[in-house]
Amino acid sequence: MDAAQPNSVIRLLPGTYREGIVVNKPGIEIVGSKGVVIENPGGDNNGITVRSEGDGFVLRHVVIKDFLRNGVFMIRADNYLLSHVTAINDGEYGLYPIFCNNGKIEHCETSGHNDSGIYIGQSTDVEISFNVAHHNVNG
């Protein structure tokens, strides 16, 4: 991620990636394929963190699991898309955009979280469609 330029598309080959990812550049798109898993290497709070410079972030076709706090944590990143993301056993929240506007979460699945599978906090104009949340304290 450090070497990626703004507006880059990063394609992940099938496999297990044991690391947390931080995005703080605009227009970054991370695209997985069948068999892409982002897994906690041990001790990481978030699978993917998107910060305020990450407007236009896109995440597609990945499984994120076993992080201590959140699968995907986004703060102040607008115009985003989370599509076909599976979050499993990521502590508090599976997908957690906060103060993020004009987003779309579609065809995602979350399970095994201590709070909400999908939590949209203090955000506006977020479309949520065709998602499944189960075995979380809240949807």
# chains A, B, ... in the order shown; residues from 1 in each chain; ligands from 1
call {"tool": "residues_around", "arguments": {"residues": "range 81-85 of chain A", "least_positions_apart": "4", "cutoff": "7 Å", "atoms": "only C-alpha atoms", "output": "list in words"}}
result
Phe57, Val58, Leu59, Arg60, His61, Val62, Val63, Gly103, Lys104, Ile105, Glu106, His107, Cys108 and Glu109 of chain A
call {"tool": "residues_around", "arguments": {"residues": "range 27-35 of chain A", "least_positions_apart": "3", "cutoff": "12 Å", "atoms": "only C-alpha atoms", "output": "PyMOL selection string"}}
result
chain A and resi 1-17+21-24+38+48+50-64+77-86
call {"tool": "closest_residue", "arguments": {"among": "A:His135, A:Gly43, A:Asn102, A:Glu19", "to": "Gln122 in chain A", "atoms": "only C-alpha atoms"}}
result
A:Asn102
call {"tool": "select_by_dssp", "arguments": {"residues": "range 82-131 of chain A", "states": "strand (DSSP E or B)", "output": "list in words"}}
result
Leu82, Ser83, His84, Val85, Thr86, Ala87, Ile88, Tyr93, Gly94, Leu95, Tyr96, Pro97, Ile98, Gly103, Lys104, Ile105, Glu106, Glu109, Thr110, Ser111, Ser116, Ile118, Gly121, Val126, Glu127, Ile128 and Ser129 of chain A
call {"tool": "closest_residue", "arguments": {"among": "A:Pro26, A:Gly71, A:Gly20, A:Gly42", "to": "Ile118 in chain A", "atoms": "only C-alpha atoms"}}
result
A:Gly71
call {"tool": "residues_around", "arguments": {"residues": "Lys65 in chain A", "least_positions_apart": "4", "cutoff": "6 Å", "atoms": "only C-alpha atoms", "output": "number ranges by chain"}}
result
A: 39, 87-90
call {"tool": "write_last_selection", "arguments": {"atoms": "N, CA and C atoms", "output": "tab-separated table (two decimals), in the first residue's frame"}}
result
chain	number	residue	atom	x	y	z
A	39	GLU	N	-6.12	-11.87	6.97
A	39	GLU	CA	-6.23	-12.48	8.30
A	39	GLU	C	-5.29	-11.79	9.28
A	87	ALA	N	-16.82	-10.44	6.45
A	87	ALA	CA	-16.09	-10.14	7.69
A	87	ALA	C	-16.49	-11.18	8.74
A	88	ILE	N	-15.49	-11.86	9.29
A	88	ILE	CA	-15.74	-12.96	10.22
A	88	ILE	C	-14.92	-12.76	11.50
A	89	ASN	N	-15.61	-12.75	12.64
A	89	ASN	CA	-14.95	-12.75	13.96
A	89	ASN	C	-13.93	-11.64	14.14
A	90	ASP	N	-14.35	-10.41	13.82
A	90	ASP	CA	-13.44	-9.27	13.95
A	90	ASP	C	-13.78	-8.41	15.16
call {"tool": "atom_distance", "arguments": {"atom1": "CA of Phe73 in chain A", "atom2": "CA of Phe130 in chain A"}}
result
20.2 Å
